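start.cif, holding mmCIF, C-alpha atoms:
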```
data_protein
#
loop_
_atom_site.label_atom_id
_atom_site.label_comp_id
_atom_site.auth_asym_id
_atom_site.auth_seq_id
_atom_site.Cartn_x
_atom_site.Cartn_y
_atom_site.Cartn_z
CA MET A 1 -18.78 20.67 119.51
CA ASP A 2 -20.28 23.91 118.26
CA LYS A 3 -23.96 24.23 117.33
CA GLN A 4 -23.42 24.37 113.54
CA LEU A 5 -21.50 21.06 113.59
CA GLN A 6 -24.06 19.39 115.90
CA ASP A 7 -27.00 20.58 113.74
CA LEU A 8 -25.37 19.14 110.61
CA LYS A 9 -24.71 15.81 112.34
CA GLU A 10 -28.33 15.56 113.51
CA LYS A 11 -29.74 16.37 110.06
CA ALA A 12 -27.40 13.87 108.41
CA GLY A 13 -28.36 11.10 110.80
CA LYS A 14 -32.16 11.30 110.62
CA GLY A 15 -33.74 8.34 108.83
CA ARG A 16 -30.95 7.74 106.38
CA ASN A 17 -29.13 4.89 104.78
CA PHE A 18 -25.74 4.95 106.50
CA GLU A 19 -24.07 2.66 103.95
CA SER A 20 -24.92 4.49 100.75
CA PRO A 21 -27.08 7.59 101.16
CA PRO A 22 -28.58 8.88 97.89
CA LEU A 23 -26.24 11.87 97.53
CA HIS A 24 -26.89 11.90 93.79
CA LEU A 25 -30.50 12.89 94.55
CA TRP A 26 -29.65 15.75 96.89
CA HIS A 27 -29.04 19.14 95.26
CA PRO A 28 -29.69 21.87 97.82
CA PRO A 29 -28.23 25.33 97.27
CA LEU A 30 -24.88 26.13 98.88
CA SER A 31 -25.37 26.89 102.57
CA GLY A 32 -21.85 28.28 102.89
CA ASP A 33 -18.45 27.23 104.09
CA ILE A 34 -17.99 25.25 107.29
CA PRO A 35 -14.56 25.29 108.97
CA ILE A 36 -13.88 21.57 108.48
CA ARG A 37 -10.52 20.54 107.03
CA ILE A 38 -9.33 17.07 106.09
CA THR A 39 -5.55 16.81 106.19
CA ALA A 40 -3.43 14.69 103.86
CA ASP A 41 -3.07 12.02 106.56
CA GLY A 42 -6.86 11.64 106.80
CA GLY A 43 -7.35 13.70 109.97
CA TRP A 44 -10.60 15.66 110.25
CA TYR A 45 -10.47 19.06 111.97
CA HIS A 46 -13.15 21.57 112.90
CA ASP A 47 -12.15 25.13 113.80
CA GLY A 48 -8.55 23.92 114.19
CA GLY A 49 -9.39 21.15 116.67
CA LYS A 50 -9.20 17.50 115.69
CA ILE A 51 -12.54 15.67 115.50
CA GLU A 52 -11.81 12.74 117.80
CA ARG A 53 -15.18 10.97 117.64
CA GLU A 54 -14.85 8.30 114.94
CA SER A 55 -18.63 8.00 114.68
CA LEU A 56 -18.85 11.68 113.76
CA VAL A 57 -16.15 11.31 111.09
CA ARG A 58 -18.01 8.29 109.66
CA VAL A 59 -21.29 10.22 109.47
CA PHE A 60 -19.64 13.18 107.77
CA ALA A 61 -17.68 10.94 105.36
CA SER A 62 -20.94 9.25 104.35
CA ILE A 63 -22.42 12.58 103.19
CA LEU A 64 -19.26 13.90 101.55
CA ARG A 65 -18.99 14.36 97.80
CA ARG A 66 -16.74 16.10 95.32
CA GLU A 67 -18.52 18.06 92.64
CA GLU A 68 -17.55 19.06 89.12
CA ASP A 69 -16.05 22.33 90.40
CA GLY A 70 -13.43 20.22 92.25
CA GLU A 71 -14.70 21.31 95.65
CA TYR A 72 -15.81 19.00 98.48
CA TYR A 73 -19.19 19.34 100.16
CA LEU A 74 -21.07 17.81 103.07
CA VAL A 75 -24.57 17.32 101.68
CA THR A 76 -27.94 16.59 103.24
CA PRO A 77 -31.33 16.88 101.51
CA GLY A 78 -31.61 20.48 102.71
CA GLU A 79 -28.04 21.76 103.15
CA LYS A 80 -24.72 21.81 101.35
CA TRP A 81 -21.57 22.95 103.15
CA ARG A 82 -18.18 23.41 101.46
CA ILE A 83 -15.16 22.01 103.32
CA ASP A 84 -11.40 22.02 102.71
CA VAL A 85 -9.54 18.86 101.70
CA GLU A 86 -5.73 18.98 101.48
CA LEU A 87 -5.19 15.98 99.19
CA HIS A 88 -7.65 13.07 99.42
CA PRO A 89 -10.62 13.01 101.78
CA LEU A 90 -10.12 9.39 102.86
CA VAL A 91 -7.25 6.98 103.42
CA VAL A 92 -6.83 3.26 102.90
CA THR A 93 -5.60 1.79 106.18
CA ASP A 94 -5.35 -1.84 105.05
CA VAL A 95 -5.68 -4.07 102.01
CA GLU A 96 -6.24 -7.80 101.87
CA VAL A 97 -6.73 -10.52 99.30
CA LEU A 98 -10.10 -12.27 99.24
CA GLU A 99 -10.51 -15.52 97.32
CA GLY A 100 -13.85 -16.44 95.85
CA GLY A 101 -15.18 -18.14 92.77
CA GLY A 102 -11.67 -18.94 91.57
CA GLU A 103 -10.81 -15.26 91.46
CA GLN A 104 -8.87 -13.03 93.81
CA VAL A 105 -10.20 -9.63 94.79
CA LEU A 106 -8.31 -6.98 96.70
CA GLN A 107 -10.39 -5.36 99.41
CA ALA A 108 -9.39 -2.01 100.86
CA THR A 109 -10.36 -0.88 104.37
CA LEU A 110 -10.85 2.88 104.68
CA ASN A 111 -10.23 5.01 107.75
CA THR A 112 -14.00 5.11 108.21
CA GLY A 113 -14.11 1.31 108.58
CA LYS A 114 -15.85 0.89 105.24
CA ARG A 115 -14.51 -1.86 102.98
CA VAL A 116 -14.46 -1.60 99.19
CA ASP A 117 -13.39 -4.05 96.54
CA ILE A 118 -10.71 -2.71 94.22
CA GLY A 119 -11.71 -3.18 90.58
CA GLU A 120 -13.74 -1.55 87.84
CA GLU A 121 -16.05 0.31 90.22
CA HIS A 122 -13.20 1.36 92.55
CA PRO A 123 -10.05 1.45 90.39
CA LEU A 124 -6.54 1.85 91.71
CA PHE A 125 -4.37 4.73 90.47
CA LEU A 126 -1.01 6.21 91.40
CA GLU A 127 -0.95 9.65 93.06
CA SER A 128 1.90 11.69 91.60
CA ALA A 129 1.60 14.39 94.30
CA VAL A 130 3.04 11.97 96.87
CA GLY A 131 5.57 9.96 94.89
CA ASP A 132 3.19 7.66 93.01
CA ILE A 133 1.68 5.93 96.03
CA ALA A 134 -1.56 4.07 95.27
CA ALA A 135 -4.99 5.55 95.79
CA ILE A 136 -8.46 4.37 94.81
CA ARG A 137 -11.46 6.08 93.27
CA LEU A 138 -14.67 5.90 95.24
CA ARG A 139 -18.29 6.89 94.75
CA HIS A 140 -19.38 10.51 94.61
CA GLY A 141 -16.06 11.74 93.22
CA LEU A 142 -14.11 10.77 96.32
CA THR A 143 -10.69 9.16 96.53
CA ALA A 144 -8.64 7.45 99.22
CA LEU A 145 -4.85 7.45 99.46
CA PHE A 146 -3.05 4.39 100.82
CA THR A 147 -1.28 4.90 104.14
CA ARG A 148 2.39 3.91 104.19
CA ALA A 149 1.58 0.56 105.86
CA ALA A 150 -1.23 -0.26 103.41
CA TRP A 151 0.98 0.77 100.46
CA TYR A 152 3.78 -1.54 101.63
CA ARG A 153 1.30 -4.35 102.04
CA LEU A 154 0.00 -3.77 98.50
CA VAL A 155 3.54 -3.74 97.11
CA GLU A 156 4.18 -7.09 98.81
CA MET A 157 1.21 -8.49 96.85
CA ALA A 158 2.63 -7.34 93.51
CA GLN A 159 3.58 -9.73 90.75
CA GLU A 160 5.54 -9.04 87.62
CA ILE A 161 3.03 -8.83 84.78
CA ASP A 162 4.40 -7.96 81.34
CA GLY A 163 7.61 -6.88 83.03
CA VAL A 164 5.89 -4.41 85.38
CA ALA A 165 5.10 -4.74 89.11
CA SER A 166 1.31 -5.03 89.18
CA VAL A 167 -1.59 -6.36 91.23
CA ARG A 168 -4.72 -8.12 90.07
CA SER A 169 -8.16 -7.68 91.54
CA GLY A 170 -11.06 -9.43 89.88
CA ASN A 171 -10.64 -9.03 86.15
CA CYS A 172 -8.54 -5.87 86.51
CA THR A 173 -4.77 -5.43 86.53
CA PHE A 174 -3.21 -2.32 88.05
CA LYS A 175 0.41 -1.25 87.59
CA LEU A 176 2.23 -0.13 90.71
CA VAL A 177 4.87 1.88 88.85
CA VAL A 178 4.66 4.73 86.38
CA ASN A 179 6.03 3.82 82.96
#
```
In structure tokens, what does this structure look like?
Amino acid sequence: MDKQLQDLKEKAGKGRNFESPPLHLWHPPLSGDIPIRITADGGWYHDGGKIERESLVRVFASILRREEDGEYYLVTPGEKWRIDVELHPLVVTDVEVLEGGGEQVLQATLNTGKRVDIGEEHPLFLESAVGDIAAIRLRHGLTALFTRAAWYRLVEMAQEIDGVASVRSGNCTFKLVVN
């Protein structure tokens, strides 16, 4: 791993909340571009080589945000590096139904291992760029596209609601087809 990548990892990992770092509080000036690319299938690459260490991908994903200019940045309290994202920075690798309090909630597992409940805070939408496959909105302007397996699993959970294939999660209903 080159020095620039290692330095960023070390700065990101010092004394921070790994679950939900306060990215909204960090506004350093742009440090520049770093040759990190996230492919449409969720692969992370640095200088053309795949980043194989899952722990490194998780650290970087935890400090990733999309800003109003539509660009993606790795952000620490003192640095901000622009990276390239082909489609969505994260992918949903699985989805399951959780029952609780008389209500069903769909929980998505991301390629980083993080789990998020689909609902008002993390709504489902259909991505037209890839044939209307489901994706979810995440914190900090991020999104995650369902993998083929997770999409098929979600479709199996669908029910016909008002004549349209849909899924329910909490008090939200999401259509799985474009009208």
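Picture a line from CA of Asp117 (chain A) to CA of Tyr152 (chain A); it runs 18.1 Å.
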Env of region 38-43 of chain A: 10 Å cut, atoms = all atoms listed in the file, seq-sep filter 2 positions within chain, self excluded. Answer as a list in words. Ile36, Tyr45, His46, Lys50, Ile51, Glu52, Val57, Ile83, Asp84, Val85, Glu86, Leu87, His88, Pro89, Leu90, Val91, Val92, Thr93, Leu110, Asn111, Thr112, Val130, Ala144, Leu145, Phe146 and Thr147 of chain A
Picked residues, the PyMOL selection byres ((chain A and resi 65) around 12), expected as number ranges by chain: A: 20-24, 26-27, 60-64, 66-76, 80-85, 88-90, 138-143
Please evaluate the PyMOL selection byres ((chain A and resi 165) around 10) against the displayed coordinates and give the resulting residues as JSON, numbers by chain. {"A": [155, 157, 158, 159, 160, 161, 162, 163, 164, 166, 167, 174, 175, 176, 177, 178]}
Expressed in Å to a single decimal, how great is the separation between CA of Val95 (chain A) and CA of Glu156 (chain A)?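 Taking CA of Val95 (chain A) as the start and CA of Glu156 (chain A) as the end point, the length is 10.8 Å.
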For a test of reading the model, state the distance in Å between CA of Lys114 (chain A) and CA of Glu96 (chain A), rounded to one decimal.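 So the answer is 13.4 Å.
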Selection result for the PyMOL selection byres ((chain A and resi 104-106) around 9) on this file, as a list of chain:residue names: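 Evaluating the PyMOL selection byres ((chain A and resi 104-106) around 9) on these coordinates yields A:Val95, A:Glu96, A:Val97, A:Leu98, A:Glu99, A:Gly100, A:Gly101, A:Gly102, A:Glu103, A:Gln107, A:Ala108, A:Val116, A:Asp117, A:Ile118, A:Gly119, A:Val167, A:Arg168, A:Ser169, A:Gly170, A:Asn171.
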Take region 57-93 of chain A, bring it up to N, CA and C atoms, and give me the output as a short mmCIF file (atom, residue, chain, number, x, y, z; two decimals), in the coordinates of the input.
```cif
data_model
loop_
_atom_site.label_atom_id
_atom_site.label_comp_id
_atom_site.auth_asym_id
_atom_site.auth_seq_id
_atom_site.Cartn_x
_atom_site.Cartn_y
_atom_site.Cartn_z
N VAL A 57 -16.89 11.34 112.36
CA VAL A 57 -16.15 11.31 111.09
C VAL A 57 -16.86 10.39 110.10
N ARG A 58 -17.32 9.23 110.56
CA ARG A 58 -18.01 8.29 109.66
C ARG A 58 -19.30 8.90 109.10
N VAL A 59 -20.06 9.58 109.95
CA VAL A 59 -21.29 10.22 109.47
C VAL A 59 -20.96 11.28 108.43
N PHE A 60 -19.99 12.13 108.71
CA PHE A 60 -19.64 13.18 107.77
C PHE A 60 -19.07 12.60 106.47
N ALA A 61 -18.25 11.57 106.57
CA ALA A 61 -17.68 10.94 105.36
C ALA A 61 -18.79 10.34 104.50
N SER A 62 -19.86 9.87 105.11
CA SER A 62 -20.94 9.25 104.35
C SER A 62 -21.76 10.27 103.56
N ILE A 63 -21.68 11.55 103.91
CA ILE A 63 -22.42 12.58 103.19
C ILE A 63 -21.48 13.53 102.43
N LEU A 64 -20.26 13.08 102.23
CA LEU A 64 -19.26 13.90 101.55
C LEU A 64 -19.25 13.56 100.05
N ARG A 65 -19.16 14.58 99.23
CA ARG A 65 -18.99 14.36 97.80
C ARG A 65 -18.12 15.46 97.22
N ARG A 66 -17.51 15.13 96.09
CA ARG A 66 -16.74 16.10 95.32
C ARG A 66 -17.53 16.40 94.06
N GLU A 67 -17.71 17.67 93.79
CA GLU A 67 -18.52 18.06 92.64
C GLU A 67 -17.64 18.47 91.47
N GLU A 68 -18.27 18.75 90.35
CA GLU A 68 -17.55 19.06 89.12
C GLU A 68 -16.63 20.27 89.25
N ASP A 69 -16.90 21.15 90.20
CA ASP A 69 -16.05 22.33 90.40
C ASP A 69 -14.77 21.97 91.16
N GLY A 70 -14.62 20.67 91.54
CA GLY A 70 -13.43 20.22 92.25
C GLY A 70 -13.49 20.43 93.75
N GLU A 71 -14.55 21.04 94.22
CA GLU A 71 -14.70 21.31 95.65
C GLU A 71 -15.40 20.14 96.34
N TYR A 72 -15.20 20.05 97.66
CA TYR A 72 -15.81 19.00 98.48
C TYR A 72 -16.92 19.61 99.32
N TYR A 73 -18.02 18.85 99.44
CA TYR A 73 -19.19 19.34 100.16
C TYR A 73 -19.77 18.25 101.06
N LEU A 74 -20.24 18.66 102.23
CA LEU A 74 -21.07 17.81 103.07
C LEU A 74 -22.50 18.14 102.67
N VAL A 75 -23.25 17.10 102.27
CA VAL A 75 -24.57 17.32 101.68
C VAL A 75 -25.64 16.54 102.42
N THR A 76 -26.73 17.22 102.73
CA THR A 76 -27.94 16.59 103.24
C THR A 76 -29.06 16.99 102.27
N PRO A 77 -30.26 16.46 102.44
CA PRO A 77 -31.33 16.88 101.51
C PRO A 77 -31.59 18.38 101.51
N GLY A 78 -31.30 19.05 102.62
CA GLY A 78 -31.61 20.48 102.71
C GLY A 78 -30.43 21.42 102.82
N GLU A 79 -29.21 20.89 102.97
CA GLU A 79 -28.04 21.76 103.15
C GLU A 79 -26.84 21.23 102.37
N LYS A 80 -25.97 22.16 102.02
CA LYS A 80 -24.72 21.81 101.35
C LYS A 80 -23.64 22.76 101.86
N TRP A 81 -22.63 22.18 102.54
CA TRP A 81 -21.57 22.95 103.15
C TRP A 81 -20.24 22.61 102.50
N ARG A 82 -19.51 23.61 102.05
CA ARG A 82 -18.18 23.41 101.46
C ARG A 82 -17.16 23.22 102.57
N ILE A 83 -16.25 22.24 102.37
CA ILE A 83 -15.16 22.01 103.32
C ILE A 83 -13.84 22.01 102.56
N ASP A 84 -12.75 21.99 103.30
CA ASP A 84 -11.40 22.02 102.71
C ASP A 84 -10.76 20.64 102.82
N VAL A 85 -10.24 20.14 101.72
CA VAL A 85 -9.54 18.86 101.70
C VAL A 85 -8.14 19.10 101.14
N GLU A 86 -7.12 18.74 101.91
CA GLU A 86 -5.73 18.98 101.48
C GLU A 86 -5.32 18.15 100.27
N LEU A 87 -5.63 16.84 100.28
CA LEU A 87 -5.19 15.98 99.19
C LEU A 87 -6.29 15.01 98.80
N HIS A 88 -6.56 14.02 99.62
CA HIS A 88 -7.65 13.07 99.42
C HIS A 88 -8.48 13.07 100.70
N PRO A 89 -9.80 12.94 100.58
CA PRO A 89 -10.62 13.01 101.78
C PRO A 89 -10.55 11.77 102.67
N LEU A 90 -10.15 10.63 102.09
CA LEU A 90 -10.12 9.39 102.86
C LEU A 90 -8.77 8.71 102.67
N VAL A 91 -8.48 7.76 103.55
CA VAL A 91 -7.25 6.98 103.42
C VAL A 91 -7.57 5.50 103.52
N VAL A 92 -6.75 4.71 102.82
CA VAL A 92 -6.83 3.26 102.90
C VAL A 92 -5.88 2.85 104.01
N THR A 93 -6.42 2.19 105.03
CA THR A 93 -5.60 1.79 106.18
C THR A 93 -5.11 0.35 106.07
#
```
